[in-house]
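Notes follow once the structure below has been shown.
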Amino acid sequence: MPSNGKHRRPSDSPVKRRLVVAGTGLVLPVIAAGAANAAPHKAPATDTTLATAHKASPQEKAATAKDKAKATSKAAPKHRTHVVKHGETLDAIASEEGVSTAQLYQDNAQVIGTNQNLIHPGQVLAVPDGHAPAHGTPKAQAKAERAPDRSPQPRASHGNDVDGWINQSLDLMKQHGIPGTFEGIKRNVMRESSGNPMAVNNWDINAQKGTPSKGLLQVIDPTFRAYHVPGTSTDPHDPIANILAASNYAAHRYGSIDNVNGPY
């Protein structure tokens, strides 16, 4: 007999062998020993911290939304609006809103144009909240800080003098919807004619053209006729007719006689 382990027929691993169970005719596959003893395959371990996405809690979502809202509100400048009314000036609006005239003009240069003294009724101005007074509402703070008004004040008299003519003119201007104040009219009257209704300018360019300026507010004849207010005298030297025609002209060109601060 050959010694153990010699001349043995090599097995055809991993060929399956069949085992016949006696008395049954059942053929069962037999797996090679090497395959049967193999360790079960394990999937490589994964880092669950990377595989699992972080889900924000409702509180975290709310906090994030709040932060975004704050950032947006800080980034976007806030503005109020002011609609220009008859008789208003840029200085008066700035004082009322509690901002500087320079800042108000800078923020509305495209609306107003190159002349900040020329604004028109109906224009919508943006008023920057960021420049409002630190305490109280802008309007309340502006009123509290406003200097005492030392401008000429209207007298109750409607007599035959500058103040009386202006007061009578203001009554008629209200009836015709012409803007203007006592202070604005008197300031211009005193500059143009020193309060003399018979004043005539015989030396400027208008005089050279044959249409000298006349009356309290130094109106040339063509302008007086074009802006004459019905019911008043047709004489440009009439103080009330002159004031109304000049104020009517100024309202159409400058928004109000109050906006006129020099030759017009």
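Just so we're on the same page: first chain in the structure tokens is A, next is B, and so on; residues restart at 1 for each chain, and ligands are numbered from 1 in the order they show up.
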(request) May I have the residues within 9 Å of A:Gly184 as a list in words, using only C-alpha atoms and disregarding those fewer than 4 positions away in the same chain? (result)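 Surrounding residues, per the criterion: Gly180, Asn188, Val189, Ser256, Ile257, Asp258, Asn259, Val260 and Asn261 of chain A.
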(request) Identify, on the basis of only C-alpha atoms, every residue whose closest approach to A:Met190 does not exceed 9 Å; exclude the query and any residue fewer than 6 positions from it along the same chain; express the result as a count of residues only. (result) 3
Near A:Gln110, counting only C-alpha atoms, which residues have an atom at most 12 Å away, once you skip same-chain residues fewer than 6 positions from it, shown as an mmCIF file with all heavy atoms, in the first residue's frame?
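This went into part-v8.cif:
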data_model
loop_
_atom_site.group_PDB
_atom_site.id
_atom_site.type_symbol
_atom_site.label_atom_id
_atom_site.label_comp_id
_atom_site.auth_asym_id
_atom_site.auth_seq_id
_atom_site.Cartn_x
_atom_site.Cartn_y
_atom_site.Cartn_z
ATOM 1 N N LEU A 104 -30.854 116.825 1.414
ATOM 2 C CA LEU A 104 -32.135 116.643 0.727
ATOM 3 C C LEU A 104 -31.969 116.899 -0.766
ATOM 4 O O LEU A 104 -32.502 116.149 -1.591
ATOM 5 C CB LEU A 104 -33.183 117.592 1.326
ATOM 6 C CG LEU A 104 -34.609 117.430 0.807
ATOM 7 C CD1 LEU A 104 -35.150 116.035 1.113
ATOM 8 C CD2 LEU A 104 -35.527 118.476 1.430
ATOM 9 N N GLN A 116 -31.459 124.187 -7.090
ATOM 10 C CA GLN A 116 -32.164 123.688 -5.917
ATOM 11 C C GLN A 116 -33.207 124.679 -5.389
ATOM 12 O O GLN A 116 -34.033 124.332 -4.540
ATOM 13 C CB GLN A 116 -31.179 123.354 -4.799
ATOM 14 C CG GLN A 116 -30.529 124.547 -4.125
ATOM 15 C CD GLN A 116 -29.594 124.113 -3.008
ATOM 16 O OE1 GLN A 116 -28.675 123.343 -3.223
ATOM 17 N NE2 GLN A 116 -29.828 124.604 -1.817
ATOM 18 N N ILE A 119 -38.259 124.326 -7.234
ATOM 19 C CA ILE A 119 -39.016 123.084 -7.076
ATOM 20 C C ILE A 119 -40.465 123.357 -7.461
ATOM 21 O O ILE A 119 -40.928 124.502 -7.417
ATOM 22 C CB ILE A 119 -38.933 122.535 -5.638
ATOM 23 C CG1 ILE A 119 -39.454 123.563 -4.619
ATOM 24 C CG2 ILE A 119 -37.512 122.135 -5.305
ATOM 25 C CD1 ILE A 119 -39.482 123.035 -3.195
ATOM 26 N N GLN A 123 -43.969 117.449 -7.132
ATOM 27 C CA GLN A 123 -42.740 116.651 -7.153
ATOM 28 C C GLN A 123 -42.653 115.805 -5.878
ATOM 29 O O GLN A 123 -42.986 116.275 -4.796
ATOM 30 C CB GLN A 123 -41.507 117.554 -7.249
ATOM 31 C CG GLN A 123 -41.318 118.195 -8.612
ATOM 32 C CD GLN A 123 -40.081 119.080 -8.665
ATOM 33 O OE1 GLN A 123 -39.758 119.776 -7.710
ATOM 34 N NE2 GLN A 123 -39.394 119.073 -9.797
ATOM 35 N N VAL A 124 -42.202 114.557 -6.029
ATOM 36 C CA VAL A 124 -42.073 113.646 -4.887
ATOM 37 C C VAL A 124 -40.603 113.559 -4.506
ATOM 38 O O VAL A 124 -39.776 113.085 -5.291
ATOM 39 C CB VAL A 124 -42.625 112.248 -5.223
ATOM 40 C CG1 VAL A 124 -42.475 111.312 -4.024
ATOM 41 C CG2 VAL A 124 -44.095 112.349 -5.639
ATOM 42 N N LEU A 125 -40.281 114.010 -3.303
ATOM 43 C CA LEU A 125 -38.899 114.013 -2.834
ATOM 44 C C LEU A 125 -38.673 112.873 -1.853
ATOM 45 O O LEU A 125 -39.531 112.587 -1.014
ATOM 46 C CB LEU A 125 -38.570 115.346 -2.154
ATOM 47 C CG LEU A 125 -38.838 116.618 -2.963
ATOM 48 C CD1 LEU A 125 -38.421 117.846 -2.169
ATOM 49 C CD2 LEU A 125 -38.103 116.578 -4.305
ATOM 50 N N ALA A 126 -37.536 112.228 -1.962
ATOM 51 C CA ALA A 126 -37.151 111.170 -1.019
ATOM 52 C C ALA A 126 -36.438 111.817 0.170
ATOM 53 O O ALA A 126 -35.494 112.579 -0.005
ATOM 54 C CB ALA A 126 -36.232 110.162 -1.702
#
(request) Could you tell me which of A:Asn117, A:Gln103, A:Ser193, A:Ser247 comes closest to A:Leu170 if we count only C-alpha atoms? (result)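 For A:Leu170, the nearest of the candidates is A:Ser247.
Using only C-alpha atoms, the protein and nucleic acid residues lying no more than 8 Å from stretch 202-209 of chain A, apart from those fewer than 3 places from it along its own chain, are Pro212, Ser213 and Ile220 of chain A.
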(request) Choose the residue, out of A:Gly159, A:Pro128, A:Pro230, A:Gly122, that has the smallest atom-to-atom separation from A:Gly87; count only C-alpha atoms. (result) A:Gly122
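Picture a line from atom CA of A:Thr232 to atom CA of A:His120; it runs 25.7 Å.
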Nearby residues (only C-alpha atoms) at most 6 Å from A:Tyr249, same-chain spacing under 3 positions excluded, as an mmCIF file with N, CA and C atoms, in the first residue's frame:
data_model
loop_
_atom_site.group_PDB
_atom_site.id
_atom_site.type_symbol
_atom_site.label_atom_id
_atom_site.label_comp_id
_atom_site.auth_asym_id
_atom_site.auth_seq_id
_atom_site.Cartn_x
_atom_site.Cartn_y
_atom_site.Cartn_z
ATOM 1 N N TYR A 227 -49.365 137.308 -17.333
ATOM 2 C CA TYR A 227 -49.716 136.712 -16.038
ATOM 3 C C TYR A 227 -50.647 137.610 -15.216
ATOM 4 N N ALA A 246 -46.700 139.297 -10.718
ATOM 5 C CA ALA A 246 -45.357 138.774 -10.457
ATOM 6 C C ALA A 246 -45.414 137.441 -9.718
ATOM 7 N N HIS A 252 -45.522 129.862 -11.738
ATOM 8 C CA HIS A 252 -45.403 129.020 -12.917
ATOM 9 C C HIS A 252 -43.950 128.650 -13.216
#
(request) Provide the atom CA of A:Phe182 to atom CA of A:Ala102 distance in Å, to one decimal place. (result)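 Value for the atom CA of A:Phe182-atom CA of A:Ala102 distance: 25.5 Å.
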(message) For a test of reading the model, state the distance in Å between atom CA of A:Arg253 and atom CA of A:Pro222, rounded to one decimal.
(response)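 These atoms are spaced 15.2 Å apart.
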